[in-house]
$ cat model_0.txt   # compact mmCIF, C-alpha atoms
# COMPACT_ATOMS: atom_id res chain seq x y z
CA MET C 399 23.85 -0.95 2.25
CA ASP C 400 21.19 -2.49 0.01
CA THR C 401 20.39 -6.18 0.33
CA LEU C 402 17.49 -7.93 -1.37
CA VAL C 403 15.13 -10.55 0.03
CA TRP C 404 12.13 -11.87 -1.87
CA VAL C 405 8.84 -11.47 0.00
CA ARG C 406 6.14 -14.12 -0.32
CA ARG C 407 2.70 -13.26 -1.60
CA GLY C 408 -0.18 -12.79 0.78
CA SER C 409 1.83 -12.00 3.91
CA ALA C 410 -0.03 -9.36 5.83
CA GLY C 411 0.07 -7.30 9.00
CA THR C 412 -2.16 -4.63 10.41
CA VAL C 413 -2.71 -2.13 13.13
CA PRO C 414 -3.74 -4.27 16.10
CA GLY C 415 -7.33 -4.44 17.19
CA ASP C 416 -8.92 -1.77 15.06
CA GLU C 417 -10.75 -3.57 12.25
CA ARG C 418 -14.39 -4.60 12.52
CA GLU C 419 -15.01 -6.42 9.29
CA ALA C 420 -13.83 -9.73 7.90
CA ASP C 421 -10.64 -10.04 5.89
CA VAL C 422 -10.38 -10.05 2.15
CA THR C 423 -8.84 -13.50 1.67
CA SER C 424 -7.36 -13.33 -1.83
CA ALA C 425 -3.60 -12.86 -1.87
CA PRO C 426 -2.08 -10.21 -4.12
CA ARG C 427 -0.42 -11.23 -7.36
CA THR C 428 2.20 -8.50 -7.00
CA GLU C 429 5.55 -9.87 -5.79
CA GLY C 430 7.83 -7.86 -3.54
CA ARG C 431 11.51 -7.79 -2.73
CA ARG C 432 12.86 -6.44 0.52
CA ARG C 433 15.68 -3.93 0.53
CA ARG C 434 17.65 -2.95 3.61
CA LEU C 435 18.72 0.68 3.65
CA ALA C 436 20.99 2.66 5.94
CA ALA C 437 18.95 5.61 7.21
CA ASN C 438 19.36 7.97 10.16
CA GLY C 439 21.99 5.78 11.78
CA ILE C 440 20.00 2.53 11.67
CA THR C 441 18.93 -0.08 9.11
CA LEU C 442 15.41 0.08 7.73
CA ALA C 443 13.57 -2.44 5.58
CA VAL C 444 11.73 -1.30 2.47
CA THR C 445 9.75 -3.75 0.35
CA GLU C 446 9.65 -2.85 -3.33
CA TYR C 447 6.74 -4.02 -5.45
CA ALA C 448 7.16 -3.75 -9.20
CA GLY C 449 4.44 -1.66 -10.76
CA ASP C 450 3.63 0.67 -13.61
CA GLY C 451 4.16 4.38 -13.13
CA PRO C 452 5.94 6.74 -10.77
CA PRO C 453 7.11 5.74 -7.28
CA LEU C 454 4.68 5.72 -4.36
CA LEU C 455 5.90 5.32 -0.78
CA LEU C 456 3.58 3.40 1.56
CA LEU C 457 3.72 4.09 5.32
CA HIS C 458 1.93 1.67 7.65
CA GLY C 459 0.24 2.22 11.01
CA ILE C 460 1.44 1.52 14.54
CA GLY C 461 2.13 -2.10 15.40
CA SER C 462 1.98 -3.04 11.73
CA ARG C 463 4.49 -3.51 8.90
CA ALA C 464 4.96 -3.16 5.15
CA GLU C 465 2.86 -6.22 4.33
CA SER C 466 -0.25 -4.55 5.78
CA TRP C 467 -0.99 -3.07 2.34
CA TRP C 468 -1.61 -6.50 0.79
CA SER C 469 -5.31 -5.92 0.07
CA VAL C 470 -4.60 -2.95 -2.22
CA LEU C 471 -1.19 -3.88 -3.66
CA ASP C 472 -2.48 -5.03 -7.03
CA GLY C 473 -4.71 -1.99 -7.44
CA LEU C 474 -1.90 0.41 -6.57
CA ALA C 475 0.71 -1.45 -8.63
CA ALA C 476 -1.37 -0.86 -11.75
CA HIS C 477 -0.48 2.82 -11.42
CA PHE C 478 2.70 3.08 -9.34
CA GLN C 479 6.01 1.50 -8.47
CA LEU C 480 5.52 0.76 -4.77
CA PHE C 481 7.93 1.09 -1.87
CA ALA C 482 6.51 -0.05 1.49
CA LEU C 483 8.57 0.97 4.51
CA ASP C 484 8.86 -0.90 7.79
CA PHE C 485 9.15 1.91 10.35
CA ARG C 486 11.88 1.73 12.97
CA GLY C 487 10.80 -0.66 15.69
CA HIS C 488 8.49 -2.51 13.30
CA GLY C 489 8.69 -5.54 11.04
CA ALA C 490 12.15 -6.24 9.62
CA SER C 491 13.61 -2.82 10.50
CA ALA C 492 16.04 -2.09 13.33
CA LYS C 493 14.65 -1.83 16.84
CA PRO C 494 16.78 0.63 18.82
CA ALA C 495 16.23 1.04 22.55
CA ARG C 496 14.73 4.50 22.08
CA GLY C 497 13.88 7.05 19.41
CA TYR C 498 10.21 6.44 18.57
CA LEU C 499 8.79 9.95 18.46
CA PHE C 500 7.52 11.69 15.34
CA PRO C 501 10.72 13.66 14.63
CA ASP C 502 12.64 10.36 14.68
CA TYR C 503 10.31 8.78 12.15
CA ALA C 504 10.34 11.90 9.97
CA ALA C 505 14.15 11.94 9.91
CA ASP C 506 14.09 8.28 8.87
CA LEU C 507 11.66 9.11 6.08
CA ALA C 508 13.88 11.88 4.75
CA ASP C 509 16.86 9.51 4.58
CA VAL C 510 14.82 6.73 2.98
CA LEU C 511 13.68 9.08 0.22
CA ASP C 512 17.29 10.10 -0.35
CA ALA C 513 18.44 6.47 -0.43
CA LEU C 514 15.74 5.63 -2.97
CA ALA C 515 16.61 8.75 -5.00
CA ILE C 516 13.00 9.95 -4.85
CA ASP C 517 13.23 13.72 -4.90
CA ARG C 518 9.54 14.57 -5.24
CA PRO C 519 7.58 11.76 -3.66
CA ARG C 520 4.03 10.60 -3.62
CA ILE C 521 3.23 9.29 -0.14
CA LEU C 522 0.34 7.21 1.19
CA GLY C 523 0.23 6.88 4.97
CA HIS C 524 -2.17 5.07 7.28
CA SER C 525 -2.67 6.32 10.84
CA LEU C 526 0.86 6.62 12.29
CA GLY C 527 2.17 6.61 8.72
CA GLY C 528 0.05 9.61 7.83
CA LEU C 529 1.19 11.50 10.91
CA VAL C 530 4.82 10.78 10.03
CA ALA C 531 4.18 12.09 6.51
CA LEU C 532 2.76 15.30 7.99
CA GLU C 533 5.73 15.63 10.36
CA TRP C 534 8.10 15.28 7.39
CA ALA C 535 6.06 17.73 5.30
CA LYS C 536 6.39 20.44 7.96
CA THR C 537 10.08 20.68 7.09
CA HIS C 538 9.58 19.84 3.40
CA PRO C 539 6.42 21.89 2.73
CA CYS C 540 6.54 21.85 -1.07
CA GLN C 541 8.56 18.72 -1.84
CA ALA C 542 5.86 16.07 -2.13
CA ILE C 543 3.84 15.82 -5.30
CA ALA C 544 0.97 14.40 -3.24
CA ILE C 545 0.34 13.08 0.27
CA ALA C 546 -2.67 10.84 0.92
CA LEU C 547 -3.58 10.30 4.57
CA GLU C 548 -5.75 7.42 5.75
CA ASP C 549 -7.76 8.08 8.91
CA VAL C 550 -5.11 9.96 10.86
CA ALA C 551 -5.88 11.03 14.43
CA LEU C 552 -5.07 14.74 14.51
CA ARG C 553 -5.54 14.90 18.27
CA SER C 554 -4.90 12.49 21.15
CA GLU C 555 -8.07 11.42 22.93
CA PRO C 556 -8.05 9.87 26.43
CA GLY C 557 -9.18 6.49 25.16
CA VAL C 558 -6.00 6.05 23.15
CA LEU C 559 -3.95 5.58 26.33
CA GLY C 560 -5.76 2.34 27.09
CA ALA C 561 -5.23 1.26 23.50
CA PHE C 562 -1.48 1.78 23.88
CA ASP C 563 -1.53 -0.32 27.05
CA GLY C 564 -3.34 -3.11 25.23
CA TRP C 565 -0.93 -3.03 22.29
CA LEU C 566 2.05 -3.13 24.63
CA ALA C 567 0.60 -6.16 26.41
CA LEU C 568 0.11 -7.95 23.07
CA ALA C 569 3.62 -7.04 21.90
CA SER C 570 5.03 -8.68 25.03
CA MET C 571 3.34 -12.02 24.28
CA THR C 572 4.54 -14.88 22.15
CA ARG C 573 2.97 -15.05 18.70
CA ALA C 574 0.81 -17.97 19.76
CA GLU C 575 -0.40 -16.11 22.85
CA ALA C 576 -1.15 -12.96 20.85
CA ALA C 577 -3.01 -14.97 18.20
CA ALA C 578 -5.08 -16.61 20.93
CA ALA C 579 -5.86 -13.21 22.45
CA TYR C 580 -7.05 -11.89 19.09
CA ARG C 581 -9.12 -15.02 18.54
CA GLN C 582 -10.86 -14.56 21.88
CA GLU C 583 -11.46 -10.83 21.39
CA TYR C 584 -12.56 -11.10 17.75
CA PRO C 585 -14.17 -14.53 17.21
CA ALA C 586 -15.24 -13.63 13.66
CA TRP C 587 -11.63 -13.37 12.52
CA SER C 588 -10.04 -16.34 10.79
CA ASP C 589 -7.16 -18.23 12.38
CA GLU C 590 -4.90 -16.99 9.58
CA ASP C 591 -5.89 -13.40 10.22
CA CYS C 592 -5.28 -13.73 13.96
CA TRP C 593 -1.85 -15.20 13.27
CA ARG C 594 -0.94 -12.42 10.82
CA ARG C 595 -1.92 -9.80 13.35
CA ALA C 596 0.09 -11.60 16.01
CA GLU C 597 3.13 -11.64 13.73
CA SER C 598 2.92 -7.89 13.29
CA ILE C 599 2.33 -6.89 16.90
CA THR C 600 4.92 -9.24 18.40
CA SER C 601 7.57 -8.00 15.97
CA THR C 602 7.05 -4.42 17.18
CA ALA C 603 9.47 -3.00 19.75
CA PRO C 604 7.83 -2.18 23.11
CA GLY C 605 9.46 1.25 23.01
CA VAL C 606 7.18 2.22 20.12
CA PHE C 607 4.11 2.03 22.34
CA ILE C 608 5.82 3.40 25.45
CA GLU C 609 7.17 6.56 23.80
CA LEU C 610 4.12 7.33 21.68
CA ARG C 611 1.84 6.75 24.67
CA ALA C 612 3.85 9.27 26.69
CA ASP C 613 3.64 11.74 23.79
CA SER C 614 -0.14 11.28 23.60
CA ALA C 615 -0.48 11.71 27.37
CA THR C 616 1.37 15.03 27.14
CA ASN C 617 -0.91 16.15 24.31
CA ILE C 618 -3.99 15.28 26.35
CA ALA C 619 -2.70 17.04 29.46
CA THR C 620 -1.79 20.22 27.57
CA GLY C 621 -4.68 20.25 25.09
CA ARG C 622 -2.23 20.23 22.20
CA ASP C 623 -3.29 18.84 18.84
CA ARG C 624 -1.34 18.26 15.63
CA LEU C 625 -3.03 20.91 13.52
CA GLY C 626 -1.50 24.18 14.63
CA ASP C 627 1.80 23.82 12.81
CA LEU C 628 0.52 22.39 9.52
CA SER C 629 -0.42 25.66 7.84
CA GLY C 630 2.95 25.92 6.10
CA ILE C 631 2.41 22.73 4.11
CA HIS C 632 1.80 23.50 0.43
CA SER C 633 1.87 20.00 -1.08
CA PRO C 634 -1.54 18.62 -2.08
CA LEU C 635 -3.12 16.57 0.74
CA LEU C 636 -5.98 14.10 0.66
CA LEU C 637 -7.46 12.89 3.95
CA VAL C 638 -9.51 9.70 3.52
CA HIS C 639 -11.61 8.90 6.57
CA GLY C 640 -14.48 6.75 7.79
CA ASP C 641 -17.21 7.36 10.35
CA ARG C 642 -16.74 7.72 14.09
CA ALA C 643 -19.61 5.32 14.75
CA THR C 644 -17.77 2.53 12.93
CA GLY C 645 -14.28 3.10 14.31
CA SER C 646 -12.76 6.13 12.59
CA MET C 647 -10.20 7.90 14.78
CA LEU C 648 -10.62 11.27 13.06
CA VAL C 649 -12.62 13.92 14.93
CA PRO C 650 -14.89 15.56 12.28
CA ASP C 651 -14.08 19.09 13.44
CA ASP C 652 -10.40 18.34 12.92
CA ALA C 653 -11.03 17.38 9.31
CA ALA C 654 -12.69 20.74 8.71
CA ARG C 655 -9.83 22.56 10.44
CA LEU C 656 -7.27 20.75 8.32
CA THR C 657 -8.87 21.90 5.08
CA ALA C 658 -9.06 25.45 6.45
CA LEU C 659 -5.40 25.46 7.48
CA VAL C 660 -3.80 23.71 4.52
CA PRO C 661 -4.61 25.39 1.19
CA ASN C 662 -4.28 22.25 -0.92
CA ALA C 663 -6.07 19.83 1.42
CA ARG C 664 -9.23 17.96 0.54
CA LEU C 665 -11.36 15.25 2.17
CA ALA C 666 -12.81 11.93 1.03
CA ARG C 667 -15.25 10.07 3.28
CA VAL C 668 -15.89 6.36 2.94
CA PRO C 669 -19.29 5.79 4.63
CA THR C 670 -19.44 3.13 7.36
CA ALA C 671 -15.67 2.63 7.20
CA GLY C 672 -13.61 2.38 10.36
CA HIS C 673 -9.93 3.04 10.92
CA THR C 674 -8.31 0.70 8.39
CA ILE C 675 -10.16 1.57 5.23
CA HIS C 676 -7.69 0.01 2.80
CA ARG C 677 -8.30 -3.41 4.36
CA ASP C 678 -12.02 -3.27 5.00
CA HIS C 679 -13.13 -1.28 1.93
CA PRO C 680 -10.32 -1.71 -0.62
CA ALA C 681 -12.34 -0.79 -3.71
CA ALA C 682 -13.68 2.43 -2.18
CA PHE C 683 -10.24 3.24 -0.83
CA LEU C 684 -8.58 2.83 -4.22
CA ALA C 685 -11.33 4.87 -5.88
CA ALA C 686 -10.49 7.73 -3.51
CA VAL C 687 -6.70 7.69 -3.56
CA ILE C 688 -5.70 6.69 -7.09
CA PRO C 689 -7.22 9.70 -8.94
CA PHE C 690 -5.67 12.04 -6.38
CA LEU C 691 -2.23 10.45 -6.45
CA THR C 692 -2.13 10.22 -10.24
CA THR C 693 -3.32 13.75 -11.03
CA ALA C 694 -1.94 15.86 -8.16
CA GLY C 695 0.78 18.19 -9.31
CA GLU C 696 -0.23 18.12 -12.97
CA GLY C 697 0.76 21.33 -14.64
CA ASP C 698 3.44 22.18 -12.06

$ encode --input "model_0.txt" --output "structure tokens"
Amino acid sequence: MDTLVWVRRGSAGTVPGDEREADVTSAPRTEGRRRRLAANGITLAVTEYAGDGPPLLLLHGIGSRAESWWSVLDGLAAHFQLFALDFRGHGASAKPARGYLFPDYAADLADVLDALAIDRPRILGHSLGGLVALEWAKTHPCQAIAIALEDVALRSEPGVLGAFDGWLALASMTRAEAAAAYRQEYPAWSDEDCWRRAESITSTAPGVFIELRADSATNIATGRDRLGDLSGIHSPLLLVHGDRATGSMLVPDDAARLTALVPNARLARVPTAGHTIHRDHPAAFLAAVIPFLTTAGEGD
């Protein structure tokens, strides 16, 4: 199944409640069309943006959707043909009653790549999207040409449980109520930005937050992180991160451990950036990821 829907310019979503700087207000020139694909027993939405170059799959963060990449679409489309996935439970994709753990998302990703006939992908994942890319890479250790990760949390910290509770509360509101809640919490945000965020969070299935919160609680209770089983990954990895003081969710020691465990991993720090670097620092973000994504795998 492959149906097409044109996507308007400038529509945007984001991970709820984790940006600290004002929006970039200019809408992208790059037009998108939405495809609906059968994958892993459900229907997933993928927005395709025409661009120059090889395919690049974009994976958004929790409580977000494909449109969240709007601030860097034009920059990426100058180098790649873009495919932005709505994860299960998010955006225009199916919202089953259950099945929101990392193996579920990774199985979806494998089927999406097959449906798009992308055998050796380039992948760019933010937060949850980066963790899903790593989960997929554990069973496809050499398949990706390059995987760029944006501020992924490689361990669950106690504070994230409260964040899940807050996201679930927002997801249960009407869009108007969620927009009002964002406006009260972040008075510097524009009305349009609050509404976009409300659109994203209220279109996310509650099960997403419930299941991933339970998974994080187990990790906290057992002391488990997400690093121990990554050593088999051989595809080139780039981890772009900000600073803890300004909202980054990456523990610095985990970044060092990742580069020690994964032979082809490297780091790129964007000073003073928080969790959503591609929105708050788009130029610095593009400067970090484009050279990596365009040159990784050369000579293979």

$ residues_around --input "model_0.txt" --residues "Gln541 of chain C" --least-positions-apart "3" --cutoff "12 Å" --atoms "only C-alpha atoms" --output "JSON, numbers by chain"
{"C": [508, 511, 516, 517, 518, 519, 520, 521, 531, 532, 534, 535, 536, 537, 538, 544, 545, 631, 632, 633, 634, 695, 698]}

$ write_last_selection --input "model_0.txt" --atoms "C-alpha atoms" --output "CSV table (one decimal), in the coordinates of the input"
chain,number,residue,atom,x,y,z
C,508,ALA,CA,13.9,11.9,4.8
C,511,LEU,CA,13.7,9.1,0.2
C,516,ILE,CA,13.0,10.0,-4.8
C,517,ASP,CA,13.2,13.7,-4.9
C,518,ARG,CA,9.5,14.6,-5.2
C,519,PRO,CA,7.6,11.8,-3.7
C,520,ARG,CA,4.0,10.6,-3.6
C,521,ILE,CA,3.2,9.3,-0.1
C,531,ALA,CA,4.2,12.1,6.5
C,532,LEU,CA,2.8,15.3,8.0
C,534,TRP,CA,8.1,15.3,7.4
C,535,ALA,CA,6.1,17.7,5.3
C,536,LYS,CA,6.4,20.4,8.0
C,537,THR,CA,10.1,20.7,7.1
C,538,HIS,CA,9.6,19.8,3.4
C,544,ALA,CA,1.0,14.4,-3.2
C,545,ILE,CA,0.3,13.1,0.3
C,631,ILE,CA,2.4,22.7,4.1
C,632,HIS,CA,1.8,23.5,0.4
C,633,SER,CA,1.9,20.0,-1.1
C,634,PRO,CA,-1.5,18.6,-2.1
C,695,GLY,CA,0.8,18.2,-9.3
C,698,ASP,CA,3.4,22.2,-12.1

$ residues_around --input "model_0.txt" --residues "Ser614 of chain C" --least-positions-apart "4" --cutoff "10 Å" --atoms "all atoms listed in the file" --output "MDAnalysis selection string"
chainID C and resid 553:556 558:559 562 609:610 618:620 622:623

$ atom_distance --input "model_0.txt" --atom1 "atom CA of Arg434 of chain C" --atom2 "atom CA of Ala490 of chain C"
8.8 Å

$ atom_distance --input "model_0.txt" --atom1 "atom CA of Ala643 of chain C" --atom2 "atom CA of Phe683 of chain C"
18.3 Å

$ residues_around --input "model_0.txt" --residues "Thr644 of chain C" --least-positions-apart "3" --cutoff "10 Å" --atoms "all atoms listed in the file" --output "MDAnalysis selection string"
chainID C and resid 417:418 640:641 647 669:673

$ closest_atom_pairs --input "model_0.txt" --of "segment 592-671 of chain C" --to "segment 570-582 of chain C" --cutoff "7 Å" --atoms "all atoms listed in the file" --output "JSON lines"
{"residue": "C:Cys592", "atom": "CA", "partner": "C:Ala577", "partner_atom": "CA", "distance": 5.0}
{"residue": "C:Trp593", "atom": "CA", "partner": "C:Ala577", "partner_atom": "CA", "distance": 5.1}
{"residue": "C:Ala596", "atom": "CA", "partner": "C:Ala577", "partner_atom": "CA", "distance": 5.1}
{"residue": "C:Glu597", "atom": "CA", "partner": "C:Arg573", "partner_atom": "CA", "distance": 6.0}
{"residue": "C:Thr600", "atom": "CA", "partner": "C:Arg573", "partner_atom": "CA", "distance": 6.1}

$ closest_residue --input "model_0.txt" --among "C:Pro494, C:Pro650, C:Pro453, C:Gly564" --to "Val550 of chain C" --atoms "all atoms listed in the file"
C:Pro650

$ atom_distance --input "model_0.txt" --atom1 "atom CA of Asp563 of chain C" --atom2 "atom CA of Glu583 of chain C"
15.5 Å

$ closest_residue --input "model_0.txt" --among "C:Ala448, C:Leu483, C:Leu566, C:Leu628" --to "Ile599 of chain C" --atoms "all atoms listed in the file"
C:Leu566

$ closest_residue --input "model_0.txt" --among "C:Ala653, C:Leu474, C:Ala569, C:Val660" --to "Ala686 of chain C" --atoms "all atoms listed in the file"
C:Leu474

$ residues_near_point --input "model_0.txt" --point "(-5.3, 0.2, 4.1)" --cutoff "7 Å" --atoms "all atoms listed in the file" --output "PyMOL selection string"
chain C and resi 467+524+674-677

$ closest_residue --input "model_0.txt" --among "C:Leu471, C:Cys540, C:Leu457, C:Ala464" --to "Leu507 of chain C" --atoms "all atoms listed in the file"
C:Leu457

$ axis_aligned_box --input "model_0.txt" --around "segment 510-516 of chain C" --padding-each-side "5 Å" --output "lines of an AutoDock Vina configuration file"
center_x = 15.7
center_y = 7.9
center_z = -1.0
size_x = 15.4
size_y = 14.5
size_z = 18.0

$ residues_around --input "model_0.txt" --residues "Ile460 of chain C" --least-positions-apart "5" --cutoff "10 Å" --atoms "all atoms listed in the file" --output "list in words"
Thr412, Val413, Pro414, Phe485, Gly487, His488, His524, Ser525, Leu526, Gly527, Phe562, Trp565, Ser598, Ile599, Thr602, Val606, Phe607 and Leu610 of chain C

$ closest_residue --input "model_0.txt" --among "C:Leu659, C:Ala615, C:Ala603, C:Leu625" --to "Gly461 of chain C" --atoms "all atoms listed in the file"
C:Ala603

$ decode --input "model_0.txt" --residues "segment 464-497 of chain C" --atoms "C-alpha atoms" --output "PDB file, in the first residue's frame"
ATOM      1  CA  ALA C 464       8.083  13.878  10.599  1.00  0.00           C
ATOM      2  CA  GLU C 465       7.522  17.623  10.278  1.00  0.00           C
ATOM      3  CA  SER C 466       9.841  18.284  13.222  1.00  0.00           C
ATOM      4  CA  TRP C 467      12.782  18.476  10.797  1.00  0.00           C
ATOM      5  CA  TRP C 468      11.426  21.615   9.116  1.00  0.00           C
ATOM      6  CA  SER C 469      14.267  23.900  10.234  1.00  0.00           C
ATOM      7  CA  VAL C 470      16.913  21.821   8.431  1.00  0.00           C
ATOM      8  CA  LEU C 471      14.929  20.436   5.489  1.00  0.00           C
ATOM      9  CA  ASP C 472      16.323  22.823   2.902  1.00  0.00           C
ATOM     10  CA  GLY C 473      19.894  22.315   4.073  1.00  0.00           C
ATOM     11  CA  LEU C 474      19.579  18.533   4.007  1.00  0.00           C
ATOM     12  CA  ALA C 475      17.669  18.469   0.705  1.00  0.00           C
ATOM     13  CA  ALA C 476      20.625  20.142  -1.000  1.00  0.00           C
ATOM     14  CA  HIS C 477      22.523  16.891  -0.458  1.00  0.00           C
ATOM     15  CA  PHE C 478      19.974  14.098  -0.006  1.00  0.00           C
ATOM     16  CA  GLN C 479      16.602  12.754  -1.005  1.00  0.00           C
ATOM     17  CA  LEU C 480      14.768  12.828   2.328  1.00  0.00           C
ATOM     18  CA  PHE C 481      12.358  10.338   3.862  1.00  0.00           C
ATOM     19  CA  ALA C 482      10.934  11.411   7.240  1.00  0.00           C
ATOM     20  CA  LEU C 483       9.147   8.660   9.148  1.00  0.00           C
ATOM     21  CA  ASP C 484       6.263   9.076  11.565  1.00  0.00           C
ATOM     22  CA  PHE C 485       6.939   6.384  14.170  1.00  0.00           C
ATOM     23  CA  ARG C 486       4.112   4.093  15.222  1.00  0.00           C
ATOM     24  CA  GLY C 487       1.905   5.933  17.672  1.00  0.00           C
ATOM     25  CA  HIS C 488       2.981   9.305  16.281  1.00  0.00           C
ATOM     26  CA  GLY C 489       1.736  11.758  13.678  1.00  0.00           C
ATOM     27  CA  ALA C 490      -0.125  10.167  10.768  1.00  0.00           C
ATOM     28  CA  SER C 491       1.024   6.600  11.485  1.00  0.00           C
ATOM     29  CA  ALA C 492      -1.088   3.834  13.007  1.00  0.00           C
ATOM     30  CA  LYS C 493      -1.625   3.872  16.752  1.00  0.00           C
ATOM     31  CA  PRO C 494      -1.998   0.280  17.973  1.00  0.00           C
ATOM     32  CA  ALA C 495      -3.012  -0.409  21.559  1.00  0.00           C
ATOM     33  CA  ARG C 496       0.451  -1.696  22.432  1.00  0.00           C
ATOM     34  CA  GLY C 497       3.870  -2.331  20.922  1.00  0.00           C
TER      35      GLY C 497
END
